[in-house]
Structure formats: C-alpha cells, structure tokens
>>> print(open('upload19.cif').read())   # mmCIF, N, CA and C atoms
data_upload
loop_
_atom_site.label_atom_id
_atom_site.label_comp_id
_atom_site.auth_asym_id
_atom_site.auth_seq_id
_atom_site.Cartn_x
_atom_site.Cartn_y
_atom_site.Cartn_z
N MET A 290 -44.85 2.67 -77.76
CA MET A 290 -44.74 4.10 -77.58
C MET A 290 -44.00 4.42 -76.29
N THR A 291 -44.30 3.71 -75.19
CA THR A 291 -43.64 3.94 -73.93
C THR A 291 -42.15 3.61 -74.04
N VAL A 292 -41.84 2.53 -74.75
CA VAL A 292 -40.45 2.14 -74.94
C VAL A 292 -39.71 3.20 -75.74
N THR A 293 -40.35 3.74 -76.77
CA THR A 293 -39.73 4.77 -77.60
C THR A 293 -39.44 6.02 -76.77
N ARG A 294 -40.40 6.45 -75.93
CA ARG A 294 -40.17 7.62 -75.07
C ARG A 294 -39.04 7.34 -74.09
N ALA A 295 -38.99 6.13 -73.54
CA ALA A 295 -37.93 5.78 -72.57
C ALA A 295 -36.57 5.81 -73.25
N ILE A 296 -36.49 5.28 -74.48
CA ILE A 296 -35.22 5.30 -75.21
C ILE A 296 -34.83 6.73 -75.53
N PHE A 297 -35.80 7.55 -75.97
CA PHE A 297 -35.54 8.94 -76.30
C PHE A 297 -35.07 9.71 -75.07
N ALA A 298 -35.76 9.50 -73.93
CA ALA A 298 -35.39 10.19 -72.68
C ALA A 298 -34.00 9.77 -72.23
N THR A 299 -33.69 8.49 -72.34
CA THR A 299 -32.37 7.99 -71.96
C THR A 299 -31.29 8.59 -72.86
N ALA A 300 -31.57 8.64 -74.15
CA ALA A 300 -30.61 9.21 -75.09
C ALA A 300 -30.38 10.68 -74.81
N MET A 301 -31.44 11.42 -74.47
CA MET A 301 -31.30 12.84 -74.16
C MET A 301 -30.45 13.04 -72.91
N LEU A 302 -30.73 12.24 -71.88
CA LEU A 302 -29.96 12.37 -70.64
C LEU A 302 -28.50 12.01 -70.87
N ALA A 303 -28.23 10.97 -71.64
CA ALA A 303 -26.85 10.58 -71.94
C ALA A 303 -26.16 11.69 -72.71
N GLY A 304 -26.85 12.27 -73.68
CA GLY A 304 -26.27 13.38 -74.44
C GLY A 304 -26.00 14.58 -73.57
N PHE A 305 -26.92 14.87 -72.64
CA PHE A 305 -26.72 15.99 -71.72
C PHE A 305 -25.51 15.74 -70.82
N ALA A 306 -25.38 14.51 -70.32
CA ALA A 306 -24.25 14.18 -69.44
C ALA A 306 -22.93 14.32 -70.19
N VAL A 307 -22.88 13.85 -71.43
CA VAL A 307 -21.65 13.96 -72.21
C VAL A 307 -21.37 15.42 -72.55
N GLY A 308 -22.40 16.16 -72.90
CA GLY A 308 -22.23 17.55 -73.28
C GLY A 308 -21.80 18.43 -72.15
N THR A 309 -22.15 18.10 -70.91
CA THR A 309 -21.80 18.95 -69.78
C THR A 309 -20.61 18.43 -69.00
N ALA A 310 -20.13 17.24 -69.33
CA ALA A 310 -18.97 16.70 -68.61
C ALA A 310 -17.75 17.55 -68.91
N SER A 311 -16.99 17.83 -67.88
CA SER A 311 -15.77 18.59 -68.12
C SER A 311 -14.58 17.73 -67.74
N THR A 312 -13.56 17.83 -68.52
CA THR A 312 -12.35 17.07 -68.23
C THR A 312 -11.28 18.03 -67.74
N ALA A 313 -10.46 17.57 -66.85
CA ALA A 313 -9.35 18.39 -66.37
C ALA A 313 -8.27 18.40 -67.45
N TRP A 314 -7.86 19.57 -67.85
CA TRP A 314 -6.80 19.67 -68.85
C TRP A 314 -5.95 20.87 -68.54
N ALA A 315 -4.72 20.78 -68.91
CA ALA A 315 -3.75 21.83 -68.62
C ALA A 315 -3.84 22.92 -69.67
N ASP A 316 -3.68 24.15 -69.21
CA ASP A 316 -3.64 25.27 -70.13
C ASP A 316 -2.38 25.13 -70.97
N THR A 317 -2.54 25.20 -72.28
CA THR A 317 -1.39 24.99 -73.17
C THR A 317 -0.76 26.31 -73.59
N THR A 318 -1.08 27.40 -72.89
CA THR A 318 -0.44 28.67 -73.21
C THR A 318 0.06 29.33 -71.92
N MET A 319 1.18 29.98 -72.02
CA MET A 319 1.68 30.86 -70.96
C MET A 319 1.88 32.19 -71.65
N SER A 320 1.28 33.23 -71.11
CA SER A 320 1.36 34.53 -71.75
C SER A 320 1.30 35.62 -70.69
N GLY A 321 2.19 36.61 -70.81
CA GLY A 321 2.13 37.75 -69.92
C GLY A 321 3.22 37.76 -68.87
N HIS A 322 3.01 38.62 -67.87
CA HIS A 322 3.98 38.87 -66.81
C HIS A 322 3.63 38.05 -65.57
N TYR A 323 4.61 37.31 -65.06
CA TYR A 323 4.45 36.50 -63.86
C TYR A 323 5.57 36.83 -62.87
N ILE A 324 5.30 36.60 -61.60
CA ILE A 324 6.33 36.68 -60.56
C ILE A 324 6.63 35.24 -60.17
N MET A 325 7.91 34.86 -60.28
CA MET A 325 8.34 33.52 -59.91
C MET A 325 9.06 33.63 -58.57
N THR A 326 8.58 32.91 -57.57
CA THR A 326 9.22 32.88 -56.26
C THR A 326 9.86 31.51 -56.06
N GLU A 327 11.14 31.54 -55.75
CA GLU A 327 11.91 30.31 -55.52
C GLU A 327 12.28 30.26 -54.05
N THR A 328 12.02 29.11 -53.42
CA THR A 328 12.38 28.93 -52.02
C THR A 328 13.36 27.78 -51.92
N GLY A 329 14.58 28.08 -51.52
CA GLY A 329 15.62 27.07 -51.41
C GLY A 329 15.65 26.42 -50.05
N ASN A 330 16.69 25.67 -49.83
CA ASN A 330 16.85 24.94 -48.58
C ASN A 330 16.93 25.88 -47.38
N GLY A 331 17.47 27.06 -47.56
CA GLY A 331 17.57 28.03 -46.47
C GLY A 331 16.25 28.70 -46.15
N GLY A 332 15.25 28.51 -47.00
CA GLY A 332 13.94 29.07 -46.75
C GLY A 332 13.79 30.53 -47.15
N ARG A 333 14.87 31.15 -47.62
CA ARG A 333 14.82 32.57 -48.02
C ARG A 333 14.26 32.65 -49.44
N PRO A 334 13.09 33.26 -49.62
CA PRO A 334 12.52 33.34 -50.97
C PRO A 334 13.26 34.34 -51.86
N ILE A 335 13.38 33.98 -53.12
CA ILE A 335 13.98 34.84 -54.14
C ILE A 335 12.93 35.00 -55.22
N THR A 336 12.69 36.24 -55.67
CA THR A 336 11.69 36.46 -56.71
C THR A 336 12.34 36.98 -57.98
N ASN A 337 11.72 36.62 -59.10
CA ASN A 337 12.15 37.08 -60.42
C ASN A 337 10.91 37.44 -61.23
N ASP A 338 11.07 38.42 -62.11
CA ASP A 338 10.02 38.75 -63.07
C ASP A 338 10.19 37.85 -64.28
N TRP A 339 9.14 37.14 -64.63
CA TRP A 339 9.14 36.30 -65.82
C TRP A 339 8.10 36.84 -66.79
N ASN A 340 8.47 36.93 -68.04
CA ASN A 340 7.55 37.35 -69.09
C ASN A 340 7.50 36.27 -70.16
N PHE A 341 6.27 35.86 -70.49
CA PHE A 341 6.05 34.82 -71.49
C PHE A 341 5.38 35.40 -72.72
N THR A 342 5.87 34.98 -73.88
CA THR A 342 5.24 35.29 -75.16
C THR A 342 4.96 33.97 -75.84
N PRO A 343 3.67 33.67 -76.12
CA PRO A 343 3.34 32.39 -76.75
C PRO A 343 4.04 32.23 -78.09
N CYS A 344 4.47 31.00 -78.38
CA CYS A 344 5.12 30.70 -79.67
C CYS A 344 4.47 29.46 -80.30
N GLY A 345 3.24 29.19 -79.91
CA GLY A 345 2.51 28.03 -80.42
C GLY A 345 1.90 27.26 -79.28
N ASP A 346 1.16 26.22 -79.61
CA ASP A 346 0.52 25.39 -78.60
C ASP A 346 1.59 24.67 -77.78
N GLY A 347 1.59 24.90 -76.47
CA GLY A 347 2.57 24.24 -75.60
C GLY A 347 3.96 24.81 -75.72
N CYS A 348 4.09 26.07 -76.16
CA CYS A 348 5.39 26.72 -76.32
C CYS A 348 5.27 28.18 -75.91
N ALA A 349 6.25 28.67 -75.14
CA ALA A 349 6.27 30.08 -74.75
C ALA A 349 7.72 30.54 -74.62
N SER A 350 8.01 31.68 -75.20
CA SER A 350 9.33 32.28 -75.07
C SER A 350 9.40 32.94 -73.69
N LEU A 351 10.46 32.63 -72.94
CA LEU A 351 10.60 33.11 -71.56
C LEU A 351 11.74 34.11 -71.45
N VAL A 352 11.44 35.24 -70.81
CA VAL A 352 12.45 36.25 -70.48
C VAL A 352 12.38 36.44 -68.97
N SER A 353 13.53 36.32 -68.29
CA SER A 353 13.60 36.46 -66.84
C SER A 353 14.41 37.71 -66.49
N ASN A 354 13.77 38.65 -65.80
CA ASN A 354 14.43 39.91 -65.41
C ASN A 354 15.13 40.57 -66.59
N GLY A 355 14.51 40.53 -67.76
CA GLY A 355 15.05 41.17 -68.95
C GLY A 355 16.03 40.33 -69.75
N THR A 356 16.37 39.14 -69.26
CA THR A 356 17.32 38.28 -69.96
C THR A 356 16.59 37.11 -70.62
N PRO A 357 16.74 36.93 -71.94
CA PRO A 357 16.09 35.78 -72.59
C PRO A 357 16.60 34.46 -72.02
N VAL A 358 15.67 33.57 -71.69
CA VAL A 358 16.01 32.27 -71.13
C VAL A 358 15.90 31.19 -72.20
N GLY A 359 14.90 31.31 -73.07
CA GLY A 359 14.67 30.31 -74.10
C GLY A 359 13.20 29.96 -74.17
N LEU A 360 12.91 28.82 -74.73
CA LEU A 360 11.53 28.39 -74.92
C LEU A 360 11.10 27.43 -73.81
N ALA A 361 10.06 27.82 -73.09
CA ALA A 361 9.43 26.90 -72.14
C ALA A 361 8.49 26.02 -72.94
N ARG A 362 8.44 24.74 -72.60
CA ARG A 362 7.61 23.79 -73.35
C ARG A 362 6.72 23.02 -72.39
N LEU A 363 5.53 22.70 -72.85
CA LEU A 363 4.62 21.85 -72.10
C LEU A 363 4.93 20.40 -72.48
N VAL A 364 5.52 19.65 -71.55
CA VAL A 364 5.96 18.28 -71.79
C VAL A 364 5.36 17.37 -70.73
N ASN A 365 4.62 16.36 -71.17
CA ASN A 365 3.99 15.41 -70.24
C ASN A 365 3.18 16.12 -69.16
N GLY A 366 2.46 17.18 -69.54
CA GLY A 366 1.59 17.88 -68.62
C GLY A 366 2.27 18.84 -67.68
N GLN A 367 3.56 19.10 -67.89
CA GLN A 367 4.30 20.04 -67.05
C GLN A 367 5.02 21.06 -67.93
N TRP A 368 4.99 22.34 -67.52
CA TRP A 368 5.82 23.33 -68.21
C TRP A 368 7.26 23.11 -67.78
N THR A 369 8.18 23.20 -68.72
CA THR A 369 9.60 22.94 -68.46
C THR A 369 10.44 24.01 -69.13
N THR A 370 11.40 24.56 -68.39
CA THR A 370 12.33 25.52 -68.98
C THR A 370 13.50 24.77 -69.60
N PRO A 371 14.21 25.43 -70.51
CA PRO A 371 15.42 24.79 -71.02
C PRO A 371 16.47 24.72 -69.91
N GLU A 372 17.36 23.76 -70.03
CA GLU A 372 18.45 23.65 -69.07
C GLU A 372 19.36 24.85 -69.22
N ALA A 373 19.74 25.46 -68.09
CA ALA A 373 20.56 26.67 -68.14
C ALA A 373 21.68 26.60 -67.10
N ALA A 374 22.83 27.13 -67.47
CA ALA A 374 23.97 27.21 -66.55
C ALA A 374 23.75 28.38 -65.59
N GLY A 375 24.29 28.24 -64.39
CA GLY A 375 24.13 29.32 -63.42
C GLY A 375 25.24 29.33 -62.39
N ASP A 376 25.32 30.44 -61.71
CA ASP A 376 26.30 30.62 -60.63
C ASP A 376 25.79 29.95 -59.36
N ILE A 377 26.71 29.55 -58.50
CA ILE A 377 26.38 29.01 -57.19
C ILE A 377 26.91 29.97 -56.13
N HIS A 378 26.03 30.34 -55.20
CA HIS A 378 26.40 31.18 -54.07
C HIS A 378 26.48 30.29 -52.84
N CYS A 379 27.67 30.12 -52.31
CA CYS A 379 27.88 29.24 -51.16
C CYS A 379 27.48 29.96 -49.87
N PRO A 380 27.13 29.20 -48.83
CA PRO A 380 26.75 29.80 -47.55
C PRO A 380 27.84 30.70 -46.95
N ASP A 381 29.12 30.43 -47.26
CA ASP A 381 30.20 31.25 -46.71
C ASP A 381 30.42 32.53 -47.52
N GLY A 382 29.58 32.77 -48.54
CA GLY A 382 29.70 33.98 -49.35
C GLY A 382 30.49 33.80 -50.64
N THR A 383 31.09 32.64 -50.83
CA THR A 383 31.86 32.36 -52.04
C THR A 383 30.92 32.25 -53.24
N LEU A 384 31.34 32.82 -54.35
CA LEU A 384 30.60 32.71 -55.60
C LEU A 384 31.38 31.80 -56.54
N VAL A 385 30.72 30.77 -57.06
CA VAL A 385 31.35 29.87 -58.03
C VAL A 385 30.60 30.07 -59.35
N PRO A 386 31.21 30.82 -60.30
CA PRO A 386 30.51 31.12 -61.55
C PRO A 386 30.28 29.89 -62.42
N GLN A 387 29.10 29.87 -63.05
CA GLN A 387 28.75 28.83 -64.02
C GLN A 387 29.03 27.42 -63.48
N ALA A 388 28.64 27.18 -62.23
CA ALA A 388 28.94 25.90 -61.58
C ALA A 388 27.76 24.93 -61.58
N SER A 389 26.65 25.34 -62.17
CA SER A 389 25.48 24.47 -62.10
C SER A 389 24.71 24.46 -63.41
N SER A 390 23.87 23.46 -63.51
CA SER A 390 22.92 23.35 -64.60
C SER A 390 21.55 23.17 -63.94
N ALA A 391 20.57 23.94 -64.38
CA ALA A 391 19.26 23.89 -63.72
C ALA A 391 18.14 23.84 -64.73
N ARG A 392 17.05 23.22 -64.33
CA ARG A 392 15.84 23.15 -65.13
C ARG A 392 14.66 23.31 -64.18
N MET A 393 13.66 24.09 -64.60
CA MET A 393 12.47 24.30 -63.79
C MET A 393 11.27 23.63 -64.45
N MET A 394 10.40 23.07 -63.60
CA MET A 394 9.18 22.42 -64.06
C MET A 394 8.04 22.86 -63.15
N TRP A 395 6.87 23.16 -63.74
CA TRP A 395 5.73 23.54 -62.91
C TRP A 395 4.43 23.07 -63.54
N ASP A 396 3.45 22.89 -62.66
CA ASP A 396 2.12 22.46 -63.05
C ASP A 396 1.38 23.64 -63.69
N PRO A 397 0.78 23.45 -64.86
CA PRO A 397 0.10 24.55 -65.53
C PRO A 397 -1.17 25.03 -64.82
N ASN A 398 -1.74 24.22 -63.93
CA ASN A 398 -2.95 24.62 -63.21
C ASN A 398 -2.64 25.34 -61.91
N THR A 399 -1.71 24.81 -61.12
CA THR A 399 -1.39 25.41 -59.82
C THR A 399 -0.24 26.40 -59.92
N LEU A 400 0.55 26.32 -60.99
CA LEU A 400 1.76 27.12 -61.21
C LEU A 400 2.81 26.87 -60.12
N ALA A 401 2.74 25.73 -59.45
CA ALA A 401 3.73 25.32 -58.45
C ALA A 401 4.63 24.27 -59.07
N GLY A 402 5.91 24.27 -58.67
CA GLY A 402 6.82 23.29 -59.22
C GLY A 402 8.15 23.26 -58.51
N THR A 403 9.17 22.79 -59.23
CA THR A 403 10.51 22.66 -58.66
C THR A 403 11.57 23.12 -59.65
N GLU A 404 12.69 23.49 -59.09
CA GLU A 404 13.90 23.74 -59.88
C GLU A 404 14.87 22.63 -59.51
N GLN A 405 15.30 21.87 -60.48
CA GLN A 405 16.25 20.78 -60.27
C GLN A 405 17.64 21.29 -60.66
N ILE A 406 18.58 21.27 -59.71
CA ILE A 406 19.91 21.83 -59.91
C ILE A 406 20.95 20.73 -59.80
N THR A 407 21.90 20.71 -60.74
CA THR A 407 23.00 19.76 -60.73
C THR A 407 24.31 20.55 -60.79
N LEU A 408 25.22 20.28 -59.86
CA LEU A 408 26.53 20.93 -59.91
C LEU A 408 27.34 20.35 -61.07
N THR A 409 27.89 21.22 -61.88
CA THR A 409 28.72 20.76 -63.01
C THR A 409 30.20 20.75 -62.64
N VAL A 410 30.56 21.42 -61.55
CA VAL A 410 31.92 21.41 -61.01
C VAL A 410 31.78 21.34 -59.49
N PRO A 411 32.81 20.94 -58.78
CA PRO A 411 32.72 20.95 -57.31
C PRO A 411 32.47 22.38 -56.82
N ALA A 412 31.56 22.53 -55.85
CA ALA A 412 31.24 23.85 -55.30
C ALA A 412 30.68 23.72 -53.90
N CYS A 413 31.06 24.63 -53.04
CA CYS A 413 30.53 24.71 -51.67
C CYS A 413 30.72 23.40 -50.90
N GLY A 414 31.77 22.68 -51.18
CA GLY A 414 32.05 21.44 -50.49
C GLY A 414 31.33 20.22 -51.06
N ALA A 415 30.58 20.42 -52.14
CA ALA A 415 29.86 19.29 -52.76
C ALA A 415 30.55 18.94 -54.08
N PRO A 416 30.52 17.66 -54.46
CA PRO A 416 31.18 17.23 -55.69
C PRO A 416 30.37 17.57 -56.94
N ALA A 417 31.04 17.59 -58.07
CA ALA A 417 30.34 17.71 -59.35
C ALA A 417 29.35 16.55 -59.45
N GLY A 418 28.17 16.81 -59.98
CA GLY A 418 27.14 15.79 -60.09
C GLY A 418 26.15 15.82 -58.94
N TYR A 419 26.48 16.54 -57.87
CA TYR A 419 25.56 16.65 -56.73
C TYR A 419 24.27 17.34 -57.20
N GLN A 420 23.11 16.80 -56.77
CA GLN A 420 21.83 17.37 -57.18
C GLN A 420 21.00 17.78 -55.97
N TYR A 421 20.24 18.84 -56.16
CA TYR A 421 19.28 19.28 -55.15
C TYR A 421 18.18 20.05 -55.85
N SER A 422 17.12 20.37 -55.12
CA SER A 422 16.00 21.08 -55.74
C SER A 422 15.48 22.19 -54.85
N HIS A 423 14.81 23.13 -55.47
CA HIS A 423 14.14 24.24 -54.78
C HIS A 423 12.68 24.22 -55.22
N ASP A 424 11.80 24.68 -54.36
CA ASP A 424 10.40 24.85 -54.72
C ASP A 424 10.23 26.17 -55.45
N ILE A 425 9.34 26.19 -56.44
CA ILE A 425 9.02 27.44 -57.13
C ILE A 425 7.50 27.61 -57.17
N GLN A 426 7.08 28.87 -57.23
CA GLN A 426 5.65 29.19 -57.36
C GLN A 426 5.54 30.42 -58.27
N LEU A 427 4.75 30.28 -59.31
CA LEU A 427 4.48 31.41 -60.20
C LEU A 427 3.12 32.00 -59.86
N ARG A 428 3.00 33.30 -60.03
CA ARG A 428 1.69 33.95 -59.91
C ARG A 428 1.66 35.06 -60.93
N GLN A 429 0.49 35.27 -61.52
CA GLN A 429 0.36 36.32 -62.51
C GLN A 429 0.54 37.66 -61.82
N ALA A 430 1.36 38.54 -62.41
CA ALA A 430 1.61 39.85 -61.85
C ALA A 430 0.35 40.71 -61.98
N PRO A 431 0.13 41.57 -61.00
CA PRO A 431 -1.05 42.44 -61.07
C PRO A 431 -0.98 43.44 -62.20
#
>>> encode(input="upload19.cif", output="structure tokens")
Amino acid sequence: MTVTRAIFATAMLAGFAVGTASTAWADTTMSGHYIMTETGNGGRPITNDWNFTPCGDGCASLVSNGTPVGLARLVNGQWTTPEAAGDIHCPDGTLVPQASSARMMWDPNTLAGTEQITLTVPACGAPAGYQYSHDIQLRQAP
C-alpha cells in the first residue's frame, strides 16, 4: 500500500511538472500597426509605419508607409522580409536610385533585429557587392 501511494504521488507530481512546464516559443503571427526604427552607422534613427495582416501561420503581409512590401515569413525562428531594392543616400547628399538590395530579420519575442544591405552597383565610393547592416527595433503602435 505504501509503495502504491508513493508511485501514485510520484506520478501526480511528474504529471503536474509536465503540465505546468512552459517552453519558449516564438509568436507565429504578426498583426496590426508597428513602428519600425532603424539605426544606421551614423546613429540617426529613421522610423517607418509598418502594418501587418496575417496570411497564415508564420506569414504576414507587410505594408510600409502605405507601400506594399510583400510577405514577411517566420524562417528558422526569425521574421524575415522579402529582399527589396532601394535607393542609397550618400553622406555627401548624392542619391543613387535602386542601388541596393536589403532584407530585414527580427526576433519575434524582442522585435529587435537587423537590416542586411548589399550594394548592387557602385555607390558612395563603395563597390558593388559591398555589404553592411543597420539595427532595427519594432514596437507595437499605441
């Protein structure tokens, strides 16, 4: 009888431990209005309004400042934007249109990440293929 109670008590405690254990997992949805702040090498923050509409588990349609960007996807535990072409603004004020390709990635829990930029043509004294990154931080808009 004592052995039976001990086995029963052990089984209950094990069940309780399994039932209350929580695992860290990433939110598989992005939905609503967010403010994305990008901080480049110059340290000057740039903000954009991002709006997400869920399109399935690990998928969200992204619109930035009213312009459709494409589908953000949850890949290997990180949200990732599609690769997009963009203009480069040089420190001397020169604008080089469509001179880069960029992709953003962020952690679904902290909403912090990076933008990885690759020059597709020579710009600002750097050769095509030159890469650099900026820090980004998303926060849900009030």
>>> resolve_selection(input="upload19.cif", expression="the PyMOL selection byres ((chain A and resi 346) around 8)", output="list in words")
Asp316, Thr317, Thr318, Met319, Pro343, Cys344, Gly345, Gly347, Cys348, Ala349, Arg362 and Leu363 of chain A
>>> write_last_selection(input="upload19.cif", atoms="N, CA and C atoms", output="CSV table (one decimal), keeping the file's coordinate frame")
chain,number,residue,atom,x,y,z
A,316,ASP,N,-3.7,24.2,-69.2
A,316,ASP,CA,-3.6,25.3,-70.1
A,316,ASP,C,-2.4,25.1,-71.0
A,317,THR,N,-2.5,25.2,-72.3
A,317,THR,CA,-1.4,25.0,-73.2
A,317,THR,C,-0.8,26.3,-73.6
A,318,THR,N,-1.1,27.4,-72.9
A,318,THR,CA,-0.4,28.7,-73.2
A,318,THR,C,0.1,29.3,-71.9
A,319,MET,N,1.2,30.0,-72.0
A,319,MET,CA,1.7,30.9,-71.0
A,319,MET,C,1.9,32.2,-71.6
A,343,PRO,N,3.7,33.7,-76.1
A,343,PRO,CA,3.3,32.4,-76.8
A,343,PRO,C,4.0,32.2,-78.1
A,344,CYS,N,4.5,31.0,-78.4
A,344,CYS,CA,5.1,30.7,-79.7
A,344,CYS,C,4.5,29.5,-80.3
A,345,GLY,N,3.2,29.2,-79.9
A,345,GLY,CA,2.5,28.0,-80.4
A,345,GLY,C,1.9,27.3,-79.3
A,347,GLY,N,1.6,24.9,-76.5
A,347,GLY,CA,2.6,24.2,-75.6
A,347,GLY,C,4.0,24.8,-75.7
A,348,CYS,N,4.1,26.1,-76.2
A,348,CYS,CA,5.4,26.7,-76.3
A,348,CYS,C,5.3,28.2,-75.9
A,349,ALA,N,6.2,28.7,-75.1
A,349,ALA,CA,6.3,30.1,-74.8
A,349,ALA,C,7.7,30.5,-74.6
A,362,ARG,N,8.4,24.7,-72.6
A,362,ARG,CA,7.6,23.8,-73.4
A,362,ARG,C,6.7,23.0,-72.4
A,363,LEU,N,5.5,22.7,-72.8
A,363,LEU,CA,4.6,21.8,-72.1
A,363,LEU,C,4.9,20.4,-72.5
>>> resolve_selection(input="upload19.cif", expression="the PyMOL selection byres (((chain A and resi 325 and name CA) around 7) and name CA)", output="PyMOL selection string")
chain A and resi 323-324+326-327+336-339+425-428
>>> resolve_selection(input="upload19.cif", expression="the PyMOL selection byres ((chain A and resi 409) around 8)", output="compact mmCIF listing (two decimals) with N, CA and C atoms, in the coordinates of the input")
# COMPACT_ATOMS: atom_id res chain seq x y z
N GLN A 387 29.10 29.87 -63.05
CA GLN A 387 28.75 28.83 -64.02
C GLN A 387 29.03 27.42 -63.48
N ALA A 388 28.64 27.18 -62.23
CA ALA A 388 28.94 25.90 -61.58
C ALA A 388 27.76 24.93 -61.58
N SER A 389 26.65 25.34 -62.17
CA SER A 389 25.48 24.47 -62.10
C SER A 389 24.71 24.46 -63.41
N SER A 390 23.87 23.46 -63.51
CA SER A 390 22.92 23.35 -64.60
C SER A 390 21.55 23.17 -63.94
N ILE A 406 18.58 21.27 -59.71
CA ILE A 406 19.91 21.83 -59.91
C ILE A 406 20.95 20.73 -59.80
N THR A 407 21.90 20.71 -60.74
CA THR A 407 23.00 19.76 -60.73
C THR A 407 24.31 20.55 -60.79
N LEU A 408 25.22 20.28 -59.86
CA LEU A 408 26.53 20.93 -59.91
C LEU A 408 27.34 20.35 -61.07
N VAL A 410 30.56 21.42 -61.55
CA VAL A 410 31.92 21.41 -61.01
C VAL A 410 31.78 21.34 -59.49
N PRO A 411 32.81 20.94 -58.78
CA PRO A 411 32.72 20.95 -57.31
C PRO A 411 32.47 22.38 -56.82
N ALA A 412 31.56 22.53 -55.85
CA ALA A 412 31.24 23.85 -55.30
C ALA A 412 30.68 23.72 -53.90
N PRO A 416 30.52 17.66 -54.46
CA PRO A 416 31.18 17.23 -55.69
C PRO A 416 30.37 17.57 -56.94
N ALA A 417 31.04 17.59 -58.07
CA ALA A 417 30.34 17.71 -59.35
C ALA A 417 29.35 16.55 -59.45
N GLY A 418 28.17 16.81 -59.98
CA GLY A 418 27.14 15.79 -60.09
C GLY A 418 26.15 15.82 -58.94
N TYR A 419 26.48 16.54 -57.87
CA TYR A 419 25.56 16.65 -56.73
C TYR A 419 24.27 17.34 -57.20
>>> atom_distance(input="upload19.cif", atom1="atom CA of Gly355 of chain A", atom2="atom CA of Asp381 of chain A")
28.7 Å
>>> select_by_dssp(input="upload19.cif", residues="chain A", states="helix (DSSP H, G or I)", output="ChimeraX atom specification")
/A:291-309
>>> residues_around(input="upload19.cif", residues="Val385 of chain A", least_positions_apart="4", cutoff="6.5 Å", atoms="only N, CA and C atoms", output="PyMOL selection string")
chain A and resi 375-379
>>> atom_distance(input="upload19.cif", atom1="atom N of Gly331 of chain A", atom2="atom N of Ala374 of chain A")
20.6 Å
>>> residues_near_point(input="upload19.cif", point="(13.2, 25.8, -50.6)", cutoff="9 Å", atoms="only C-alpha atoms", output="ChimeraX atom specification")
/A:327-334,422-425
>>> closest_residue(input="upload19.cif", among="A:Thr356, A:Cys413, A:Thr342, A:Ser350", to="Thr383 of chain A", atoms="all atoms listed in the file")
A:Cys413
>>> atom_distance(input="upload19.cif", atom1="atom N of Thr370 of chain A", atom2="atom C of Phe341 of chain A")
13.1 Å
>>> axis_aligned_box(input="upload19.cif", around="segment 390-394 of chain A", padding_each_side="3 Å", output="lines of an AutoDock Vina configuration file")
center_x = 16.0
center_y = 23.4
center_z = -64.1
size_x = 21.8
size_y = 7.9
size_z = 8.0
>>> residues_near_point(input="upload19.cif", point="(9.6, 20.9, -59.6)", cutoff="7 Å", atoms="all atoms listed in the file", output="list of chain:residue names")
A:Met393, A:Met394, A:Trp395, A:Ala401, A:Gly402, A:Thr403, A:Glu404, A:Gln405, A:His423, A:Asp424, A:Ile425
>>> closest_residue(input="upload19.cif", among="A:Ile335, A:Ala415, A:Leu400, A:Ala430", to="Trp368 of chain A", atoms="only C-alpha atoms")
A:Leu400
